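Structure file data37.cif (mmCIF, C-alpha atoms) is printed below.
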data_coords
loop_
_atom_site.label_atom_id
_atom_site.label_comp_id
_atom_site.auth_asym_id
_atom_site.auth_seq_id
_atom_site.Cartn_x
_atom_site.Cartn_y
_atom_site.Cartn_z
CA ARG A 261 0.00 0.00 0.00
CA GLU A 262 1.63 3.17 -1.20
CA GLU A 263 0.18 6.57 -1.99
CA GLN A 264 1.95 9.14 -4.15
CA PRO A 265 0.65 12.14 -6.11
CA CYS A 266 0.28 10.92 -9.70
CA ASP A 267 -0.81 11.81 -13.19
CA ALA A 268 -4.05 9.90 -12.54
CA LEU A 269 -6.03 8.05 -9.92
CA VAL A 270 -7.66 4.85 -11.19
CA VAL A 271 -10.49 3.43 -9.11
CA CYS A 272 -11.05 -0.28 -9.72
CA GLY A 273 -14.75 -0.90 -9.36
CA SER A 274 -16.14 -3.59 -7.09
CA TYR A 275 -18.91 -4.12 -4.57
CA ASP A 276 -17.16 -1.88 -2.02
CA LEU A 277 -18.06 1.81 -2.32
CA ARG A 278 -15.51 2.63 0.39
CA VAL A 279 -12.88 2.52 -2.36
CA MET A 280 -14.61 5.53 -3.95
CA GLU A 281 -14.70 7.29 -0.58
CA HIS A 282 -10.93 6.78 -0.35
CA ALA A 283 -10.51 8.26 -3.84
CA ILE A 284 -12.51 11.35 -2.91
CA GLN A 285 -10.28 11.92 0.13
CA LEU A 286 -7.11 11.60 -1.98
CA LEU A 287 -8.47 13.96 -4.63
CA HIS A 288 -9.20 16.58 -1.96
CA GLN A 289 -5.62 16.15 -0.75
CA GLY A 290 -4.37 16.96 -4.26
CA PHE A 291 -3.12 13.54 -5.33
CA SER A 292 -4.24 14.05 -8.94
CA LYS A 293 -6.29 16.16 -11.33
CA LYS A 294 -7.42 13.12 -13.35
CA LEU A 295 -9.70 10.32 -12.17
CA VAL A 296 -10.63 7.16 -14.05
CA ILE A 297 -13.37 5.02 -12.54
CA THR A 298 -13.26 1.60 -14.15
CA GLY A 299 -15.61 -1.35 -14.06
CA ASN A 300 -18.59 -3.00 -15.68
CA THR A 301 -19.64 -5.99 -13.58
CA GLY A 302 -17.72 -8.70 -11.79
CA ASN A 303 -18.36 -11.87 -9.83
CA TRP A 304 -20.31 -10.08 -7.12
CA THR A 305 -21.73 -6.97 -8.75
CA LYS A 306 -23.50 -8.75 -11.59
CA TYR A 307 -25.95 -9.92 -8.92
CA ILE A 308 -26.38 -6.67 -6.98
CA TRP A 309 -26.41 -3.79 -9.50
CA ASN A 310 -28.08 -3.25 -12.86
CA GLN A 311 -25.53 -0.66 -13.97
CA PRO A 312 -21.74 -0.79 -14.46
CA GLU A 313 -19.63 -0.40 -11.32
CA ALA A 314 -18.11 2.77 -12.79
CA VAL A 315 -21.55 4.38 -13.00
CA ILE A 316 -22.52 3.28 -9.48
CA PHE A 317 -19.23 4.60 -8.06
CA ARG A 318 -19.59 7.93 -9.91
CA GLU A 319 -23.16 8.38 -8.71
CA HIS A 320 -22.06 7.50 -5.17
CA CYS A 321 -19.57 10.36 -5.01
CA GLY A 322 -22.04 12.91 -6.39
CA ASP A 323 -20.61 16.42 -6.33
CA ARG A 324 -17.84 15.59 -3.84
CA VAL A 325 -15.16 15.28 -6.54
CA PRO A 326 -13.27 18.60 -6.72
CA GLU A 327 -14.31 20.70 -9.73
CA HIS A 328 -10.77 20.84 -11.14
CA VAL A 329 -10.62 17.03 -11.47
CA ASP A 330 -11.27 15.51 -14.89
CA VAL A 331 -13.41 12.36 -14.41
CA VAL A 332 -13.52 9.58 -17.00
CA LEU A 333 -15.70 6.48 -16.74
CA GLU A 334 -14.50 3.18 -18.19
CA LYS A 335 -17.55 0.89 -18.25
CA GLU A 336 -16.32 -2.29 -19.94
CA ALA A 337 -13.80 -3.92 -17.54
CA THR A 338 -14.89 -7.13 -15.82
CA ASN A 339 -11.64 -8.02 -13.99
CA PHE A 340 -8.42 -6.43 -12.70
CA GLY A 341 -6.53 -7.11 -15.92
CA GLU A 342 -9.15 -5.23 -17.90
CA ASN A 343 -9.32 -2.45 -15.28
CA VAL A 344 -5.60 -1.87 -15.85
CA ARG A 345 -5.50 -2.36 -19.64
CA PHE A 346 -8.56 -0.26 -20.41
CA SER A 347 -7.45 2.52 -18.05
CA ARG A 348 -4.01 2.49 -19.64
CA SER A 349 -5.59 3.02 -23.05
CA LEU A 350 -7.45 6.06 -21.66
CA LEU A 351 -4.24 7.48 -20.16
CA PRO A 352 -1.59 7.02 -22.88
CA ASP A 353 0.67 9.78 -21.51
CA ALA A 354 0.48 8.85 -17.82
CA LYS A 355 3.90 8.31 -16.26
CA SER A 356 2.56 7.64 -12.78
CA VAL A 357 -0.72 6.14 -11.64
CA LEU A 358 -2.29 5.48 -8.25
CA LEU A 359 -4.67 2.53 -8.50
CA LEU A 360 -7.30 2.19 -5.77
CA THR A 361 -8.96 -1.07 -4.79
CA LYS A 362 -10.20 -3.11 -1.83
CA PRO A 363 -7.60 -3.96 0.85
CA ASN A 364 -7.62 -7.66 -0.01
CA ALA A 365 -6.90 -6.91 -3.69
CA VAL A 366 -3.91 -4.56 -3.33
CA LEU A 367 -1.30 -7.20 -4.16
CA ARG A 368 -3.16 -8.58 -7.18
CA VAL A 369 -3.72 -5.11 -8.62
CA LEU A 370 -0.05 -4.23 -8.12
CA LEU A 371 1.17 -7.46 -9.76
CA THR A 372 -1.24 -6.88 -12.65
CA ALA A 373 -0.21 -3.25 -13.12
CA GLN A 374 3.49 -4.13 -13.09
CA LYS A 375 2.88 -6.56 -15.96
CA GLN A 376 0.33 -4.65 -18.00
CA TRP A 377 1.41 -1.04 -17.45
CA PRO A 378 5.21 -1.35 -17.33
CA ASP A 379 5.90 2.11 -18.75
CA ALA A 380 4.26 3.88 -15.78
CA LYS A 381 5.18 4.01 -12.12
CA CYS A 382 2.20 2.28 -10.52
CA PHE A 383 1.22 2.64 -6.89
CA VAL A 384 -1.72 0.86 -5.24
CA SER A 385 -3.75 1.91 -2.24
CA SER A 386 -6.98 1.02 -0.49
CA PRO A 387 -9.16 2.28 2.32
CA GLU A 388 -8.20 0.93 5.71
CA TYR A 389 -10.66 -0.94 7.83
CA ALA A 390 -10.59 -3.52 10.56
CA PHE A 391 -10.80 -7.21 9.81
CA PRO A 392 -13.19 -8.91 10.43
CA GLU A 393 -15.32 -6.21 12.08
CA GLU A 394 -15.57 -3.93 9.05
CA VAL A 395 -15.85 -6.50 6.25
CA SER A 396 -18.30 -5.35 3.59
CA ASN A 397 -21.83 -6.44 4.36
CA VAL A 398 -22.32 -7.02 0.63
CA VAL A 399 -20.15 -10.18 0.66
CA GLY A 400 -19.75 -10.87 4.37
CA LEU A 401 -16.88 -12.71 6.03
CA ILE A 402 -17.40 -16.03 4.21
CA GLY A 403 -17.58 -14.24 0.86
CA LEU A 404 -14.39 -12.32 1.59
CA VAL A 405 -12.53 -15.48 2.62
CA ASN A 406 -13.72 -17.12 -0.60
CA GLU A 407 -12.49 -14.11 -2.57
CA MET A 408 -9.10 -14.17 -0.83
CA VAL A 409 -8.61 -17.89 -1.54
CA GLY A 410 -9.36 -17.15 -5.20
CA ASP A 411 -6.78 -14.34 -5.13
CA VAL A 412 -4.10 -16.72 -3.81
CA ASP A 413 -4.90 -19.11 -6.65
CA ARG A 414 -4.69 -16.32 -9.24
CA ILE A 415 -1.41 -14.98 -7.85
CA GLN A 416 0.05 -18.45 -8.40
CA LYS A 417 -1.44 -19.12 -11.85
CA TYR A 418 -1.74 -15.76 -13.63
CA PRO A 419 1.97 -15.15 -14.30
CA GLU A 420 2.04 -18.24 -16.57
CA LEU A 421 -0.91 -16.80 -18.48
CA GLY A 422 0.80 -13.43 -18.90
CA PHE A 423 -1.71 -11.52 -16.76
CA GLN A 424 0.61 -10.42 -13.95
CA VAL A 425 4.21 -10.59 -12.77
CA GLU A 426 5.42 -13.49 -10.64
CA HIS A 427 5.25 -13.24 -6.88
CA GLU A 428 6.31 -15.75 -4.27
CA LEU A 429 3.71 -16.04 -1.56
CA PRO A 430 4.86 -16.96 1.95
CA LYS A 431 4.41 -20.66 2.78
CA VAL A 432 2.08 -19.76 5.64
CA VAL A 433 -0.30 -18.17 3.10
CA ILE A 434 -0.22 -21.23 0.86
#
As structure tokens, please, write out the structure in this file.
Amino acid sequence: REEQPCDALVVCGSYDLRVMEHAIQLLHQGFSKKLVITGNTGNWTKYIWNQPEAVIFREHCGDRVPEHVDVVLEKEATNFGENVRFSRSLLPDAKSVLLLTKPNAVLRVLLTAQKQWPDAKCFVSSPEYAFPEEVSNVVGLIGLVNEMVGDVDRIQKYPELGFQVEHELPKVVI
């Protein structure tokens, strides 16, 4: 988790609107003048929303985004790889990017960005909240554990598929 002022903030959509709240705070602190909100639907949101995640996140923040910030919605991405690739295509001149996601997805987003956006300095951040007390009520504790187990599997398998860089997980995690 690292936050640096950047050419753009990229919010990876999900079921957790607290990621958008985190983005709003960073924008008010001057982290960037460009915001990309990316996401169509994913494993969870296809069952809970009838609009793309990017639209839901944008509506959630209302008029709280500073007026000087240029906001772009990317409404096609259905996974982290697409979040990164599609955002990269919208930001061809970006040299530094701060990607925002859920706390449990920080590592996967970073590994994906390092592979798919190698010409930019990529940082990843998330809102902070207590585990398990503040787990999203959208997925609950069992859903989050299921999601985390899937992330471990993807971290192991996705480098071979060219989706992200390799990363050695600690044996205790495996």
For the structure shown, which residues end up in the PyMOL selection byres ((chain A and resi 298-308) around 10)? Put them as JSON, numbers by chain, please?
-> {"A": [270, 271, 272, 273, 274, 275, 276, 295, 296, 297, 309, 310, 311, 312, 313, 314, 315, 316, 317, 318, 332, 333, 334, 335, 336, 337, 338, 339, 340, 342, 343, 344, 346, 347, 398, 399, 403, 407]}
Two-atom distance - atom CA of A:Leu277, atom CA of A:Pro363 (Å) | 12.4 Å
If you measure from atom CA of A:Glu428 to atom CA of A:Asn364, what distance in Å do you get, rounded to one decimal?
-> 16.7 Å
Record the distance separating atom CA of A:Arg348 and atom CA of A:Glu281, expressed in Å with one decimal.
->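 Taking atom CA of A:Arg348 as the start and atom CA of A:Glu281 as the end point, the length is 22.4 Å.
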What does the PyMOL selection byres ((chain A and resi 372) around 7) select in this file, as an MDAnalysis selection string?
-> chainID A and resid 341 368:371 373:376 423:425
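What the PyMOL selection byres ((chain A and resi 289) around 12) grabs from this file is Glu263, Gln264, Pro265, Cys266, His282, Ala283, Ile284, Gln285, Leu286, Leu287, His288, Gly290, Phe291, Ser292, Lys293, Val325, Pro326 and Val329 of chain A.
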Please determine an axis-aligned box that encloses all atoms of stretch 272-287 of chain A listed in the file, with 6 Å added on each side, and express its centre and edge lengths in Å to one decimal as lines of an AutoDock Vina configuration file.
center_x = -13.0
center_y = 4.9
center_z = -4.7
size_x = 23.8
size_y = 30.1
size_z = 22.1
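Using all atoms listed in the file, the shortest contact distance between A:Ala354 and any of A:Asp267, A:Asp323, A:Glu262, A:Asp379 is found at A:Asp267.
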Residue rebuild result stretch 371-387 of chain A, N, CA and C atoms as a PDB file, in the frame of the given file:
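Done, and the output landed in rebuild-v2.pdb:
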ATOM      1  N   LEU A 371       0.526  -6.481  -8.884  1.00  0.00           N
ATOM      2  CA  LEU A 371       1.170  -7.460  -9.760  1.00  0.00           C
ATOM      3  C   LEU A 371       0.642  -7.345 -11.198  1.00  0.00           C
ATOM      4  N   THR A 372      -0.636  -7.060 -11.325  1.00  0.00           N
ATOM      5  CA  THR A 372      -1.240  -6.880 -12.650  1.00  0.00           C
ATOM      6  C   THR A 372      -0.719  -5.613 -13.312  1.00  0.00           C
ATOM      7  N   ALA A 373      -0.678  -4.523 -12.566  1.00  0.00           N
ATOM      8  CA  ALA A 373      -0.210  -3.250 -13.120  1.00  0.00           C
ATOM      9  C   ALA A 373       1.261  -3.329 -13.538  1.00  0.00           C
ATOM     10  N   GLN A 374       2.065  -4.006 -12.747  1.00  0.00           N
ATOM     11  CA  GLN A 374       3.490  -4.130 -13.090  1.00  0.00           C
ATOM     12  C   GLN A 374       3.677  -4.874 -14.411  1.00  0.00           C
ATOM     13  N   LYS A 375       2.801  -5.808 -14.713  1.00  0.00           N
ATOM     14  CA  LYS A 375       2.880  -6.560 -15.960  1.00  0.00           C
ATOM     15  C   LYS A 375       2.268  -5.791 -17.127  1.00  0.00           C
ATOM     16  N   GLN A 376       1.103  -5.195 -16.902  1.00  0.00           N
ATOM     17  CA  GLN A 376       0.330  -4.650 -18.000  1.00  0.00           C
ATOM     18  C   GLN A 376       0.489  -3.140 -18.213  1.00  0.00           C
ATOM     19  N   TRP A 377       1.182  -2.477 -17.305  1.00  0.00           N
ATOM     20  CA  TRP A 377       1.410  -1.040 -17.450  1.00  0.00           C
ATOM     21  C   TRP A 377       2.870  -0.749 -17.085  1.00  0.00           C
ATOM     22  N   PRO A 378       3.805  -1.429 -17.735  1.00  0.00           N
ATOM     23  CA  PRO A 378       5.210  -1.350 -17.330  1.00  0.00           C
ATOM     24  C   PRO A 378       5.866   0.005 -17.564  1.00  0.00           C
ATOM     25  N   ASP A 379       5.300   0.822 -18.443  1.00  0.00           N
ATOM     26  CA  ASP A 379       5.900   2.110 -18.750  1.00  0.00           C
ATOM     27  C   ASP A 379       5.470   3.225 -17.796  1.00  0.00           C
ATOM     28  N   ALA A 380       4.669   2.901 -16.788  1.00  0.00           N
ATOM     29  CA  ALA A 380       4.260   3.880 -15.780  1.00  0.00           C
ATOM     30  C   ALA A 380       4.675   3.395 -14.400  1.00  0.00           C
ATOM     31  N   LYS A 381       4.939   4.328 -13.525  1.00  0.00           N
ATOM     32  CA  LYS A 381       5.180   4.010 -12.120  1.00  0.00           C
ATOM     33  C   LYS A 381       3.809   3.822 -11.485  1.00  0.00           C
ATOM     34  N   CYS A 382       3.522   2.608 -11.054  1.00  0.00           N
ATOM     35  CA  CYS A 382       2.200   2.280 -10.520  1.00  0.00           C
ATOM     36  C   CYS A 382       2.259   2.078  -9.008  1.00  0.00           C
ATOM     37  N   PHE A 383       1.399   2.772  -8.334  1.00  0.00           N
ATOM     38  CA  PHE A 383       1.220   2.640  -6.890  1.00  0.00           C
ATOM     39  C   PHE A 383      -0.186   2.091  -6.669  1.00  0.00           C
ATOM     40  N   VAL A 384      -0.395   1.401  -5.554  1.00  0.00           N
ATOM     41  CA  VAL A 384      -1.720   0.860  -5.240  1.00  0.00           C
ATOM     42  C   VAL A 384      -2.048   1.186  -3.795  1.00  0.00           C
ATOM     43  N   SER A 385      -3.294   1.584  -3.585  1.00  0.00           N
ATOM     44  CA  SER A 385      -3.750   1.910  -2.240  1.00  0.00           C
ATOM     45  C   SER A 385      -5.181   1.415  -2.062  1.00  0.00           C
ATOM     46  N   SER A 386      -5.615   1.439  -0.821  1.00  0.00           N
ATOM     47  CA  SER A 386      -6.980   1.020  -0.490  1.00  0.00           C
ATOM     48  C   SER A 386      -7.406   1.744   0.778  1.00  0.00           C
ATOM     49  N   PRO A 387      -8.711   1.764   1.016  1.00  0.00           N
ATOM     50  CA  PRO A 387      -9.160   2.280   2.320  1.00  0.00           C
ATOM     51  C   PRO A 387      -8.715   1.295   3.400  1.00  0.00           C
TER      52      PRO A 387
END
